[in-house]
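Peer 1: If you scroll down you'll find the structure; I have some questions about it.
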Amino acid sequence: AAVAARHGLPVDRVLLTAGAAEAFVLLARALKVRRPVVVHPQFTEPEAALRDAGHTVGRVLLREDDGFRLDPAAVPEDADLVVIGNPTNPTSVLHPAAAIARLARPGRVLVVDEAFMDAVPGEREALAGRTDVPGLVVLRSLTKTWGLAGLRIGYVLADPETVAELERAQPLWPVSTPALAAATACVEPRALAEAERAAHRIAADRAHLVAGLAAFAEHGVRVAGPAEGPFVLVRMPGAAGVRRRLRELGYAVRRGDTFPGLGEEWLRLAVRERGVVEGFLAALGSAVCPPGVVG
């Protein structure tokens, strides 16, 4: 009821899940689809869940040359389930809601993973709460901004028939009492205001990080953008070695080669507060051009 009120929806359009990850598994197992398609690069668990459920999964690979932006025409017309993230992990691209809505078709399920949308000021381009897009299923996580990954809490927003279908496939008692309490707290007005303030801080800290990364352009470091999420995607020569050296210096960055459409030269960097960013940039300088190497 609290989640429904937060999005202005009736309660039969909401299903609480053990994190967004459970929602991916429910969608893969419960829905009778013939040709699912996942738009990449993006979070890999939706495709993994579909494959584990026995589906043959098609891929639409967005291109670096296009800024990893969605071209709705690239999605096959006969796809009856389409999965896309917004803002997308790991590219940090925020796709226009209108472009995503253009993917909707009669007989197609359109799954939009908005796990990081609350990190976008004003949640602009969000589709959560929309009831005018046919086949729309929006997934949200309450664990990212609030640092609650261990509690496992997220939710699905969809038409009542889809919610009921997913619920039938859901294990009994999937969400714990502490997770329910957290969900209620995280969607109340005071929490939404706090999350909005955090989103503006993230935007400022991200701008600081991107500006700092510009100093490494001479070393071939390029930022994919414009970034709109709480992380940035960067491309650099020798990224695997840089990642290992950063780890030795106390900084963990996400490798990019496990994301379809990317490769070993890509890294995802989390946006952190300015002091941490300053320390990271200093470490990156050492990692990109280690002692004894002529830069």
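Chains: A, B, ... in order of the structure tokens. Residues: from 1 per chain. Ligands: from 1, in order shown.
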Counting only C-alpha atoms, which residues in range 124-242 of chain A sit no more than 10 Å from range 74-96 of chain A? For each one, give the nearest pair of atoms and the distance in Å, sorted by chain then residue number, as JSON lines.
Peer 2:
{"residue": "A:Arg124", "atom": "CA", "partner": "A:Pro96", "partner_atom": "CA", "distance": 8.6}
{"residue": "A:Glu125", "atom": "CA", "partner": "A:Pro96", "partner_atom": "CA", "distance": 5.5}
{"residue": "A:Ala126", "atom": "CA", "partner": "A:Asn86", "partner_atom": "CA", "distance": 7.9}
{"residue": "A:Leu127", "atom": "CA", "partner": "A:Asn86", "partner_atom": "CA", "distance": 9.3}
{"residue": "A:Gly135", "atom": "CA", "partner": "A:Leu81", "partner_atom": "CA", "distance": 9.1}
{"residue": "A:Leu136", "atom": "CA", "partner": "A:Val82", "partner_atom": "CA", "distance": 9.9}
{"residue": "A:Val137", "atom": "CA", "partner": "A:Val83", "partner_atom": "CA", "distance": 9.4}
{"residue": "A:Val138", "atom": "CA", "partner": "A:Gly85", "partner_atom": "CA", "distance": 9.7}
{"residue": "A:Leu139", "atom": "CA", "partner": "A:Gly85", "partner_atom": "CA", "distance": 9.3}
{"residue": "A:Val223", "atom": "CA", "partner": "A:Thr91", "partner_atom": "CA", "distance": 9.7}
{"residue": "A:Ala224", "atom": "CA", "partner": "A:Thr91", "partner_atom": "CA", "distance": 6.9}
{"residue": "A:Gly225", "atom": "CA", "partner": "A:Val93", "partner_atom": "CA", "distance": 6.8}
{"residue": "A:Pro226", "atom": "CA", "partner": "A:Val93", "partner_atom": "CA", "distance": 6.8}
{"residue": "A:Ala227", "atom": "CA", "partner": "A:Ser92", "partner_atom": "CA", "distance": 4.8}
{"residue": "A:Glu228", "atom": "CA", "partner": "A:Ser92", "partner_atom": "CA", "distance": 5.4}
{"residue": "A:Gly229", "atom": "CA", "partner": "A:Ser92", "partner_atom": "CA", "distance": 4.8}
{"residue": "A:Pro230", "atom": "CA", "partner": "A:Ser92", "partner_atom": "CA", "distance": 7.5}
{"residue": "A:Phe231", "atom": "CA", "partner": "A:Ser92", "partner_atom": "CA", "distance": 6.3}
{"residue": "A:Val232", "atom": "CA", "partner": "A:Ser92", "partner_atom": "CA", "distance": 5.9}
{"residue": "A:Leu233", "atom": "CA", "partner": "A:Thr91", "partner_atom": "CA", "distance": 5.4}
{"residue": "A:Val234", "atom": "CA", "partner": "A:Thr91", "partner_atom": "CA", "distance": 8.7}
Peer 1: Taking N, CA, C and O atoms for each residue, export the selection above as a PDB file, in the first residue's frame.
Peer 2:
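This went into part15.pdb:
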ATOM      1  N   ARG A 124      13.486  12.265 -13.609  1.00  0.00           N
ATOM      2  CA  ARG A 124      13.014  12.565 -14.957  1.00  0.00           C
ATOM      3  C   ARG A 124      13.250  11.343 -15.861  1.00  0.00           C
ATOM      4  O   ARG A 124      14.200  10.592 -15.666  1.00  0.00           O
ATOM      5  N   GLU A 125      12.401  11.153 -16.777  1.00  0.00           N
ATOM      6  CA  GLU A 125      12.367  10.026 -17.712  1.00  0.00           C
ATOM      7  C   GLU A 125      11.911   8.731 -17.056  1.00  0.00           C
ATOM      8  O   GLU A 125      12.006   7.664 -17.648  1.00  0.00           O
ATOM      9  N   ALA A 126      11.374   8.808 -15.830  1.00  0.00           N
ATOM     10  CA  ALA A 126      10.842   7.605 -15.182  1.00  0.00           C
ATOM     11  C   ALA A 126       9.519   7.201 -15.829  1.00  0.00           C
ATOM     12  O   ALA A 126       8.717   8.046 -16.239  1.00  0.00           O
ATOM     13  N   LEU A 127       9.296   5.897 -15.887  1.00  0.00           N
ATOM     14  CA  LEU A 127       8.025   5.353 -16.356  1.00  0.00           C
ATOM     15  C   LEU A 127       7.216   4.757 -15.211  1.00  0.00           C
ATOM     16  O   LEU A 127       6.056   4.377 -15.411  1.00  0.00           O
ATOM     17  N   GLY A 135       1.641  -3.225 -21.748  1.00  0.00           N
ATOM     18  CA  GLY A 135       2.646  -4.245 -21.457  1.00  0.00           C
ATOM     19  C   GLY A 135       3.792  -3.780 -20.600  1.00  0.00           C
ATOM     20  O   GLY A 135       4.781  -4.507 -20.434  1.00  0.00           O
ATOM     21  N   LEU A 136       3.695  -2.583 -20.016  1.00  0.00           N
ATOM     22  CA  LEU A 136       4.819  -2.026 -19.256  1.00  0.00           C
ATOM     23  C   LEU A 136       4.969  -2.726 -17.906  1.00  0.00           C
ATOM     24  O   LEU A 136       3.999  -2.883 -17.155  1.00  0.00           O
ATOM     25  N   VAL A 137       6.204  -3.121 -17.606  1.00  0.00           N
ATOM     26  CA  VAL A 137       6.578  -3.655 -16.298  1.00  0.00           C
ATOM     27  C   VAL A 137       7.798  -2.871 -15.830  1.00  0.00           C
ATOM     28  O   VAL A 137       8.843  -2.885 -16.492  1.00  0.00           O
ATOM     29  N   VAL A 138       7.665  -2.163 -14.715  1.00  0.00           N
ATOM     30  CA  VAL A 138       8.772  -1.380 -14.172  1.00  0.00           C
ATOM     31  C   VAL A 138       9.279  -2.069 -12.902  1.00  0.00           C
ATOM     32  O   VAL A 138       8.489  -2.446 -12.031  1.00  0.00           O
ATOM     33  N   LEU A 139      10.592  -2.223 -12.826  1.00  0.00           N
ATOM     34  CA  LEU A 139      11.222  -2.800 -11.645  1.00  0.00           C
ATOM     35  C   LEU A 139      11.946  -1.704 -10.891  1.00  0.00           C
ATOM     36  O   LEU A 139      12.637  -0.871 -11.490  1.00  0.00           O
ATOM     37  N   VAL A 223      35.473   9.093 -21.162  1.00  0.00           N
ATOM     38  CA  VAL A 223      34.256   8.876 -20.386  1.00  0.00           C
ATOM     39  C   VAL A 223      33.077   8.762 -21.335  1.00  0.00           C
ATOM     40  O   VAL A 223      32.867   9.643 -22.176  1.00  0.00           O
ATOM     41  N   ALA A 224      32.319   7.661 -21.222  1.00  0.00           N
ATOM     42  CA  ALA A 224      31.083   7.545 -21.995  1.00  0.00           C
ATOM     43  C   ALA A 224      30.065   8.493 -21.384  1.00  0.00           C
ATOM     44  O   ALA A 224      29.976   8.645 -20.177  1.00  0.00           O
ATOM     45  N   GLY A 225      29.314   9.137 -22.234  1.00  0.00           N
ATOM     46  CA  GLY A 225      28.413  10.098 -21.625  1.00  0.00           C
ATOM     47  C   GLY A 225      27.412  10.671 -22.600  1.00  0.00           C
ATOM     48  O   GLY A 225      27.387  10.301 -23.766  1.00  0.00           O
ATOM     49  N   PRO A 226      26.635  11.576 -22.043  1.00  0.00           N
ATOM     50  CA  PRO A 226      26.716  12.099 -20.676  1.00  0.00           C
ATOM     51  C   PRO A 226      26.174  11.112 -19.639  1.00  0.00           C
ATOM     52  O   PRO A 226      25.137  10.484 -19.872  1.00  0.00           O
ATOM     53  N   ALA A 227      26.909  10.976 -18.549  1.00  0.00           N
ATOM     54  CA  ALA A 227      26.498  10.069 -17.472  1.00  0.00           C
ATOM     55  C   ALA A 227      25.404  10.715 -16.639  1.00  0.00           C
ATOM     56  O   ALA A 227      25.462  11.902 -16.334  1.00  0.00           O
ATOM     57  N   GLU A 228      24.406   9.911 -16.255  1.00  0.00           N
ATOM     58  CA  GLU A 228      23.289  10.419 -15.460  1.00  0.00           C
ATOM     59  C   GLU A 228      23.022   9.577 -14.214  1.00  0.00           C
ATOM     60  O   GLU A 228      22.150   9.915 -13.427  1.00  0.00           O
ATOM     61  N   GLY A 229      23.756   8.466 -14.040  1.00  0.00           N
ATOM     62  CA  GLY A 229      23.561   7.589 -12.896  1.00  0.00           C
ATOM     63  C   GLY A 229      24.626   7.795 -11.836  1.00  0.00           C
ATOM     64  O   GLY A 229      25.480   8.674 -11.958  1.00  0.00           O
ATOM     65  N   PRO A 230      24.614   6.958 -10.791  1.00  0.00           N
ATOM     66  CA  PRO A 230      25.609   7.089  -9.715  1.00  0.00           C
ATOM     67  C   PRO A 230      26.903   6.367 -10.031  1.00  0.00           C
ATOM     68  O   PRO A 230      27.597   5.885  -9.129  1.00  0.00           O
ATOM     69  N   PHE A 231      27.252   6.282 -11.302  1.00  0.00           N
ATOM     70  CA  PHE A 231      28.495   5.652 -11.749  1.00  0.00           C
ATOM     71  C   PHE A 231      28.794   6.192 -13.144  1.00  0.00           C
ATOM     72  O   PHE A 231      27.913   6.757 -13.812  1.00  0.00           O
ATOM     73  N   VAL A 232      30.042   6.045 -13.573  1.00  0.00           N
ATOM     74  CA  VAL A 232      30.414   6.449 -14.926  1.00  0.00           C
ATOM     75  C   VAL A 232      31.163   5.297 -15.579  1.00  0.00           C
ATOM     76  O   VAL A 232      31.836   4.505 -14.909  1.00  0.00           O
ATOM     77  N   LEU A 233      31.030   5.205 -16.882  1.00  0.00           N
ATOM     78  CA  LEU A 233      31.716   4.187 -17.666  1.00  0.00           C
ATOM     79  C   LEU A 233      32.881   4.844 -18.390  1.00  0.00           C
ATOM     80  O   LEU A 233      32.700   5.879 -19.046  1.00  0.00           O
ATOM     81  N   VAL A 234      34.058   4.265 -18.253  1.00  0.00           N
ATOM     82  CA  VAL A 234      35.243   4.838 -18.886  1.00  0.00           C
ATOM     83  C   VAL A 234      35.946   3.778 -19.714  1.00  0.00           C
ATOM     84  O   VAL A 234      35.903   2.586 -19.410  1.00  0.00           O
TER      85      VAL A 234
END
Peer 1: So that I can check the surroundings of Thr258 in chain A, please list as a ChimeraX atom specification every protein, DNA and RNA residue that reaches within 12 Å of it, counting only C-alpha atoms and ignoring chain neighbours fewer than 3 positions away.
Peer 2: /A:40-45,90,254-255,261-268
Peer 1: Env of range 19-26 of chain A: 8 Å cut, atoms = only C-alpha atoms, seq-sep filter 3 positions within chain, self excluded. Answer as a CSV table (one decimal) with all heavy atoms, in the first residue's frame.
Peer 2:
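So part_30.csv came out as:
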chain,number,residue,atom,x,y,z
A,29,ARG,N,10.4,-17.0,-15.5
A,29,ARG,CA,9.8,-18.3,-15.2
A,29,ARG,C,8.3,-18.3,-15.4
A,29,ARG,O,7.7,-19.3,-15.8
A,29,ARG,CB,10.1,-18.8,-13.8
A,29,ARG,CG,11.6,-19.1,-13.6
A,29,ARG,CD,11.8,-19.6,-12.2
A,29,ARG,NE,13.2,-19.9,-12.0
A,29,ARG,CZ,13.8,-20.3,-10.8
A,29,ARG,NH1,13.0,-20.4,-9.8
A,29,ARG,NH2,15.1,-20.5,-10.7
A,30,ALA,N,7.6,-17.1,-15.1
A,30,ALA,CA,6.2,-17.1,-15.1
A,30,ALA,C,5.6,-16.7,-16.5
A,30,ALA,O,4.5,-17.2,-16.8
A,30,ALA,CB,5.7,-16.1,-14.0
A,31,LEU,N,6.2,-15.8,-17.2
A,31,LEU,CA,5.6,-15.3,-18.4
A,31,LEU,C,5.9,-16.3,-19.6
A,31,LEU,O,7.0,-16.8,-19.8
A,31,LEU,CB,6.2,-13.9,-18.8
A,31,LEU,CG,6.0,-12.9,-17.7
A,31,LEU,CD1,6.4,-11.5,-18.2
A,31,LEU,CD2,4.5,-12.8,-17.3
A,45,GLU,N,21.9,-9.8,-15.1
A,45,GLU,CA,21.1,-10.8,-14.4
A,45,GLU,C,19.8,-11.1,-15.2
A,45,GLU,O,19.3,-12.2,-15.2
A,45,GLU,CB,20.8,-10.4,-13.0
A,45,GLU,CG,22.0,-10.7,-12.1
A,45,GLU,CD,21.6,-10.7,-10.6
A,45,GLU,OE1,20.5,-10.8,-10.2
A,45,GLU,OE2,22.6,-10.5,-9.8
A,46,PRO,N,19.1,-10.1,-15.8
A,46,PRO,CA,17.9,-10.4,-16.6
A,46,PRO,C,18.1,-11.5,-17.7
A,46,PRO,O,17.4,-12.4,-17.8
A,46,PRO,CB,17.5,-9.0,-17.2
A,46,PRO,CG,18.1,-8.0,-16.3
A,46,PRO,CD,19.4,-8.6,-15.9
A,49,ALA,N,18.7,-14.9,-16.0
A,49,ALA,CA,17.5,-15.5,-15.5
A,49,ALA,C,16.7,-16.1,-16.6
A,49,ALA,O,16.1,-17.2,-16.5
A,49,ALA,CB,16.7,-14.4,-14.8
A,50,LEU,N,16.6,-15.4,-17.8
A,50,LEU,CA,15.9,-15.9,-18.9
A,50,LEU,C,16.5,-17.2,-19.5
A,50,LEU,O,15.8,-18.2,-19.8
A,50,LEU,CB,15.8,-14.8,-20.0
A,50,LEU,CG,14.9,-13.7,-19.8
A,50,LEU,CD1,15.2,-12.5,-20.7
A,50,LEU,CD2,13.4,-14.1,-20.0
A,115,ALA,N,16.2,0.5,-11.3
A,115,ALA,CA,16.8,0.3,-10.0
A,115,ALA,C,17.6,1.6,-9.5
A,115,ALA,O,17.7,1.8,-8.3
A,115,ALA,CB,17.7,-0.9,-10.0
A,139,LEU,N,10.6,-2.2,-12.8
A,139,LEU,CA,11.2,-2.8,-11.6
A,139,LEU,C,11.9,-1.7,-10.9
A,139,LEU,O,12.6,-0.9,-11.5
A,139,LEU,CB,12.2,-3.9,-12.0
A,139,LEU,CG,11.7,-5.0,-13.0
A,139,LEU,CD1,12.8,-6.0,-13.2
A,139,LEU,CD2,10.5,-5.6,-12.4
A,140,ARG,N,11.8,-1.7,-9.6
A,140,ARG,CA,12.5,-0.7,-8.7
A,140,ARG,C,13.2,-1.5,-7.6
A,140,ARG,O,12.7,-2.5,-7.1
A,140,ARG,CB,11.5,0.3,-8.1
A,140,ARG,CG,11.0,1.4,-9.1
A,140,ARG,CD,12.1,2.4,-9.3
A,140,ARG,NE,11.7,3.5,-10.2
A,140,ARG,CZ,11.5,4.7,-9.8
A,140,ARG,NH1,11.6,5.0,-8.5
A,140,ARG,NH2,11.1,5.6,-10.6
A,141,SER,N,14.3,-0.9,-7.2
A,141,SER,CA,15.1,-1.5,-6.0
A,141,SER,C,15.1,-0.4,-4.9
A,141,SER,O,15.2,0.8,-5.2
A,141,SER,CB,16.5,-1.8,-6.4
A,141,SER,OG,17.3,-2.1,-5.3
A,142,LEU,N,14.9,-0.8,-3.7
A,142,LEU,CA,15.0,0.1,-2.6
A,142,LEU,C,16.4,0.0,-1.8
A,142,LEU,O,16.5,0.5,-0.8
A,142,LEU,CB,13.9,-0.1,-1.6
A,142,LEU,CG,12.5,0.2,-2.1
A,142,LEU,CD1,11.4,-0.3,-1.2
A,142,LEU,CD2,12.4,1.7,-2.3
A,143,THR,N,17.3,-0.8,-2.5
A,143,THR,CA,18.5,-1.1,-1.8
A,143,THR,C,19.7,-0.3,-2.2
A,143,THR,O,20.8,-0.3,-1.6
A,143,THR,CB,18.9,-2.6,-1.9
A,143,THR,OG1,19.2,-2.9,-3.3
A,143,THR,CG2,17.7,-3.4,-1.4
A,149,ALA,N,21.4,-3.6,0.5
A,149,ALA,CA,21.5,-4.8,-0.3
A,149,ALA,C,21.2,-6.1,0.4
A,149,ALA,O,20.5,-7.0,-0.1
A,149,ALA,CB,22.8,-4.9,-1.0
A,152,ARG,N,17.3,-7.3,0.8
A,152,ARG,CA,16.6,-7.8,-0.4
A,152,ARG,C,15.2,-7.3,-0.4
A,152,ARG,O,14.3,-7.9,0.0
A,152,ARG,CB,16.6,-9.4,-0.4
A,152,ARG,CG,17.9,-10.0,-0.2
A,152,ARG,CD,19.0,-9.5,-1.1
A,152,ARG,NE,18.6,-9.5,-2.5
A,152,ARG,CZ,18.9,-8.5,-3.4
A,152,ARG,NH1,19.7,-7.5,-3.0
A,152,ARG,NH2,18.5,-8.6,-4.6
A,153,ILE,N,15.0,-6.1,-1.0
A,153,ILE,CA,13.7,-5.5,-1.1
A,153,ILE,C,13.7,-4.7,-2.4
A,153,ILE,O,14.5,-3.9,-2.7
A,153,ILE,CB,13.3,-4.7,0.1
A,153,ILE,CG1,11.9,-4.1,-0.1
A,153,ILE,CG2,14.3,-3.6,0.4
A,153,ILE,CD1,10.8,-5.2,-0.1
A,154,GLY,N,12.6,-5.0,-3.2
A,154,GLY,CA,12.4,-4.2,-4.4
A,154,GLY,C,10.9,-4.4,-4.8
A,154,GLY,O,10.2,-5.0,-4.0
A,155,TYR,N,10.5,-4.0,-5.9
A,155,TYR,CA,9.1,-4.2,-6.3
A,155,TYR,C,8.9,-4.1,-7.8
A,155,TYR,O,9.7,-3.6,-8.6
A,155,TYR,CB,8.2,-3.2,-5.6
A,155,TYR,CG,8.5,-1.8,-5.7
A,155,TYR,CD1,8.0,-1.0,-6.7
A,155,TYR,CD2,9.3,-1.1,-4.7
A,155,TYR,CE1,8.3,0.4,-6.8
A,155,TYR,CE2,9.5,0.2,-4.8
A,155,TYR,CZ,9.0,1.0,-5.9
A,155,TYR,OH,9.3,2.3,-6.0
A,156,VAL,N,7.8,-4.7,-8.2
A,156,VAL,CA,7.3,-4.7,-9.6
A,156,VAL,C,6.1,-3.8,-9.7
A,156,VAL,O,5.2,-3.9,-8.9
A,156,VAL,CB,7.0,-6.1,-10.1
A,156,VAL,CG1,6.5,-6.1,-11.5
A,156,VAL,CG2,8.2,-7.0,-10.0
A,166,LEU,N,2.9,-13.2,-11.8
A,166,LEU,CA,4.2,-13.2,-11.1
A,166,LEU,C,4.0,-13.7,-9.7
A,166,LEU,O,4.9,-14.5,-9.2
A,166,LEU,CB,4.9,-11.9,-11.2
A,166,LEU,CG,5.2,-11.3,-12.5
A,166,LEU,CD1,5.8,-9.9,-12.4
A,166,LEU,CD2,6.1,-12.2,-13.3
A,169,ALA,N,4.0,-17.4,-9.2
A,169,ALA,CA,5.3,-18.1,-9.3
A,169,ALA,C,6.2,-17.8,-8.2
A,169,ALA,O,7.3,-18.4,-8.1
A,169,ALA,CB,5.9,-17.7,-10.7
A,170,GLN,N,5.8,-16.9,-7.3
A,170,GLN,CA,6.7,-16.4,-6.2
A,170,GLN,C,6.7,-17.4,-5.1
A,170,GLN,O,5.6,-17.9,-4.7
A,170,GLN,CB,6.2,-15.1,-5.8
A,170,GLN,CG,7.2,-14.3,-4.9
A,170,GLN,CD,6.7,-12.9,-4.7
A,170,GLN,OE1,5.5,-12.6,-4.5
A,170,GLN,NE2,7.7,-12.0,-4.6
Peer 1: Please measure the separation of CA of Ala215 in chain A and CA of Leu70 in chain A, giving the value in Å to one decimal.
Peer 2: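 Going from CA of Ala215 in chain A over to CA of Leu70 in chain A, I get 29.1 Å.
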Peer 1: Quick one, how far is CA of Ala252 in chain A from CA of Phe280 in chain A?
Peer 2: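 So the two atoms, CA of Ala252 in chain A and CA of Phe280 in chain A, lie 9.7 Å apart.
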Peer 1: Taking only range 79-108 of chain A into account, list the residues labelled helix (DSSP H, G or I) by DSSP (computed from the backbone), as a PyMOL selection string.
Peer 2: chain A and resi 97-101
Peer 1: Please provide as a PyMOL selection string all residues within 7 Å of range 1-9 of chain A, with the sequence filter that same-chain residues fewer than 6 positions apart are discarded (counting only C-alpha atoms).
Peer 2: chain A and resi 128-129+184+187
Peer 1: Looking at only C-alpha atoms, which of A:Pro178, A:Pro72, A:Gly150, A:Pro36 is the one that sits closest to Val57 in chain A?
Peer 2: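 Checking each of A:Pro178, A:Pro72, A:Gly150, A:Pro36 against Val57 in chain A, counting only C-alpha atoms, the winner is A:Pro36.
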Peer 1: Separation of CA of Arg51 in chain A and CA of Asp71 in chain A, in Å?
Peer 2: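 Distance reported for this atom pair: 24.3 Å.
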Peer 1: Hey, which bits of range 168-243 of chain A sit within 12 Å of range 273-278 of chain A, and for each residue what's the closest pair of atoms and how far apart in Å (one decimal), counting only C-alpha atoms, rows by chain and increasing number, as JSON lines?
Peer 2:
{"residue": "A:Ala198", "atom": "CA", "partner": "A:Glu273", "partner_atom": "CA", "distance": 10.8}
{"residue": "A:His200", "atom": "CA", "partner": "A:Glu273", "partner_atom": "CA", "distance": 11.9}
{"residue": "A:Arg201", "atom": "CA", "partner": "A:Glu273", "partner_atom": "CA", "distance": 8.3}
{"residue": "A:Ile202", "atom": "CA", "partner": "A:Glu273", "partner_atom": "CA", "distance": 7.8}
{"residue": "A:Ala203", "atom": "CA", "partner": "A:Glu273", "partner_atom": "CA", "distance": 10.5}
{"residue": "A:Ala204", "atom": "CA", "partner": "A:Arg274", "partner_atom": "CA", "distance": 9.0}
{"residue": "A:Asp205", "atom": "CA", "partner": "A:Glu273", "partner_atom": "CA", "distance": 5.9}
{"residue": "A:Arg206", "atom": "CA", "partner": "A:Glu273", "partner_atom": "CA", "distance": 8.7}
{"residue": "A:Ala207", "atom": "CA", "partner": "A:Arg274", "partner_atom": "CA", "distance": 10.1}
{"residue": "A:His208", "atom": "CA", "partner": "A:Arg274", "partner_atom": "CA", "distance": 7.2}
{"residue": "A:Leu209", "atom": "CA", "partner": "A:Val277", "partner_atom": "CA", "distance": 6.3}
{"residue": "A:Val210", "atom": "CA", "partner": "A:Val277", "partner_atom": "CA", "distance": 9.9}
{"residue": "A:Ala211", "atom": "CA", "partner": "A:Val277", "partner_atom": "CA", "distance": 10.8}
{"residue": "A:Gly212", "atom": "CA", "partner": "A:Glu278", "partner_atom": "CA", "distance": 8.2}
{"residue": "A:Leu213", "atom": "CA", "partner": "A:Val277", "partner_atom": "CA", "distance": 10.1}
{"residue": "A:Pro230", "atom": "CA", "partner": "A:Glu273", "partner_atom": "CA", "distance": 10.9}
{"residue": "A:Phe231", "atom": "CA", "partner": "A:Val277", "partner_atom": "CA", "distance": 11.9}
Peer 1: Nearest residue to Pro134 in chain A out of A:Pro10, A:Pro106, A:Gly147, A:Pro260, using only C-alpha atoms?
Peer 2: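 Ranked by minimum distance to Pro134 in chain A, first place goes to A:Pro106.
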Peer 1: Which one is closest to Arg197 in chain A: A:Gly67, A:Pro121, A:Gly54, A:Gly241? Count only C-alpha atoms.
Peer 2: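 With only C-alpha atoms as the atom set, the closest residue is A:Pro121.
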Peer 1: I need the residue nearest Met117 in chain A from this list: A:Asp12, A:Asp257, A:Glu196, A:Asp65. Use only C-alpha atoms for the distance.
Peer 2: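 Result for the nearest residue to Met117 in chain A: A:Glu196.
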Peer 1: Write down as a PyMOL selection string the residues of range 58-155 of chain A whose backbone DSSP state falls under strand (DSSP E).
Peer 2: chain A and resi 58-61+81-85+109-113+136-141+154-155
Peer 1: With distances taken over only C-alpha atoms, which of A:Arg13, A:Arg63, A:Phe68, A:Ala18 is nearest to Pro171 in chain A?
Peer 2: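 Among the listed residues, A:Ala18 lies closest to Pro171 in chain A.
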